[in-house]
Amino acid sequence: MATLHIRDVQPERDAAACAAIYAPYVEQTAISFEARPPDALEMEARISRCVATHPWLVAESGGEVVGYAYACPHRERAAYRWAADVSVYVASNRRGEGLGRSLYERLFVHLRRQNFQVACAGITLPNDASVGLHEALGFQRIGLSPRIGWKGGRWHDVGWWHLELVAAAPGTPLEPLAPE
């Protein structure tokens with residue numbers, strides 16, 4: 001098996017691969033609530049917007065992108081600026097190999113370096129694999145939005161998970177930094 005290499009995304013170079021990895025999640029599951037998968041141009045625009053403030057990483061094996069993980073703002077209000085929503089997607093033929101864990105662990109290093117305090121994840125339920133990954137990495141379930149999304153002819157619940165990237169400390173935390 002080829003060596004796994006995790007690196008910062010390059011929007012123009014990696015957008016098509018990220019779009020291809022994401023498409024089955026949109027088209028075949030309720031994991032994503034999007035109705036249509038983004039094409040390479042839309043994915044490139046999303047990546048470019050994201051990397052201005054948050055990390056986006058890709059995993060390569062044998063020169064091929066086989067997964068990606070990213071963070072984005074949790075909410076727009078100023079008080080939320082220390083929280084980031086996180087997601088990870090792995091190519092369907094590479095699931096179960098630990099790529100999601102490797103990508104997330106590296107993503108959390110970047111988030112901590114940028115002074116983010118909390119990582120948030122929303123998971124369409126049921127999704128035992130995603131719940132297991134998040135909980136194995138220390139995420140705690142903090143809530144449930146029942147019947148929040150309609151896709152595939154039925155309602156879906158979304159569970160919410162929270163990970164403290166940095167232990168709470170008194171005083172104002174350092175401002176989040178731009179990605180390196």
# chains A, B, ... in the order shown; residues from 1 in each chain; ligands from 1
$ residues_around --residues "Gly143 (chain A)" --least-positions-apart "5" --cutoff "8 Å" --atoms "only C-alpha atoms" --output "ChimeraX atom specification"
/A:159-161
$ select_by_dssp --residues "region 43-180 of chain A" --states "strand (DSSP E or B)" --output "VMD selection string"
chain A and resid 56 to 61 64 to 73 83 to 90 118 to 125 140 to 151 154 to 164
$ closest_atom_pairs --of "region 42-70 of chain A" --to "region 104-115 of chain A" --cutoff "12 Å" --atoms "only C-alpha atoms" --output "Markdown table"
| residue | atom | partner | partner_atom | distance |
| --- | --- | --- | --- | --- |
| A:Val51 | CA | A:His110 | CA | 11.8 |
| A:Thr53 | CA | A:Gln114 | CA | 9.3 |
| A:His54 | CA | A:Leu111 | CA | 7.6 |
| A:Pro55 | CA | A:His110 | CA | 6.7 |
| A:Trp56 | CA | A:Leu107 | CA | 7.5 |
| A:Leu57 | CA | A:Leu107 | CA | 7.0 |
| A:Val58 | CA | A:Leu107 | CA | 9.9 |
| A:Ala59 | CA | A:Arg106 | CA | 10.4 |
| A:Gly67 | CA | A:Tyr104 | CA | 10.7 |
| A:Tyr68 | CA | A:Tyr104 | CA | 8.9 |
| A:Ala69 | CA | A:Tyr104 | CA | 6.5 |
| A:Tyr70 | CA | A:Leu107 | CA | 7.0 |
$ write_last_selection --atoms "C-alpha atoms" --output "short mmCIF file (atom, residue, chain, number, x, y, z; two decimals), in the first residue's frame"
data_model
loop_
_atom_site.label_atom_id
_atom_site.label_comp_id
_atom_site.auth_asym_id
_atom_site.auth_seq_id
_atom_site.Cartn_x
_atom_site.Cartn_y
_atom_site.Cartn_z
CA VAL A 51 -8.84 28.47 3.68
CA THR A 53 -9.64 31.56 7.89
CA HIS A 54 -9.66 27.80 8.57
CA PRO A 55 -7.59 24.73 7.66
CA TRP A 56 -8.49 22.29 4.89
CA LEU A 57 -6.34 19.18 4.52
CA VAL A 58 -6.16 16.38 1.96
CA ALA A 59 -4.79 12.87 2.30
CA GLY A 67 -9.80 11.95 1.68
CA TYR A 68 -10.10 15.42 3.10
CA ALA A 69 -10.98 17.21 6.31
CA TYR A 70 -11.75 20.84 6.92
#
$ select_by_dssp --residues "region 1-179 of chain A" --states "helix (DSSP H, G or I)" --output "MDAnalysis selection string"
chainID A and resid 11:28 40:50 78:80 92:94 99:113 128:136
$ residues_around --residues "Cys120 (chain A)" --least-positions-apart "5" --cutoff "9 Å" --atoms "only C-alpha atoms" --output "mmCIF file with C-alpha atoms, in the first residue's frame"
data_model
loop_
_atom_site.group_PDB
_atom_site.id
_atom_site.type_symbol
_atom_site.label_atom_id
_atom_site.label_comp_id
_atom_site.auth_asym_id
_atom_site.auth_seq_id
_atom_site.Cartn_x
_atom_site.Cartn_y
_atom_site.Cartn_z
ATOM 1 C CA HIS A 74 -19.342 27.616 13.488
ATOM 2 C CA ALA A 83 -15.441 27.556 17.582
ATOM 3 C CA ALA A 84 -15.119 25.709 14.294
ATOM 4 C CA ASP A 85 -17.357 23.196 12.566
ATOM 5 C CA VAL A 86 -15.388 20.205 11.295
ATOM 6 C CA SER A 87 -16.036 17.550 8.657
ATOM 7 C CA PHE A 139 -16.056 14.360 21.081
ATOM 8 C CA TRP A 160 -24.379 17.364 17.726
ATOM 9 C CA TRP A 161 -20.928 16.621 19.092
ATOM 10 C CA HIS A 162 -18.414 18.924 20.761
ATOM 11 C CA LEU A 163 -14.659 18.620 21.351
ATOM 12 C CA GLU A 164 -12.682 20.967 23.577
#
$ residues_around --residues "Phe33 (chain A)" --least-positions-apart "6" --cutoff "9 Å" --atoms "only C-alpha atoms" --output "ChimeraX atom specification"
/A:26,124,149-151
$ residues_around --residues "Ser48 (chain A)" --least-positions-apart "2" --cutoff "12 Å" --atoms "only C-alpha atoms" --output "count of residues only"
23
$ atom_distance --atom1 "CA of Glu34 (chain A)" --atom2 "CA of Tyr89 (chain A)"
14.4 Å
$ atom_distance --atom1 "CA of Gly152 (chain A)" --atom2 "CA of Tyr25 (chain A)"
12.2 Å
$ atom_distance --atom1 "CA of Trp155 (chain A)" --atom2 "CA of Ala40 (chain A)"
29.0 Å
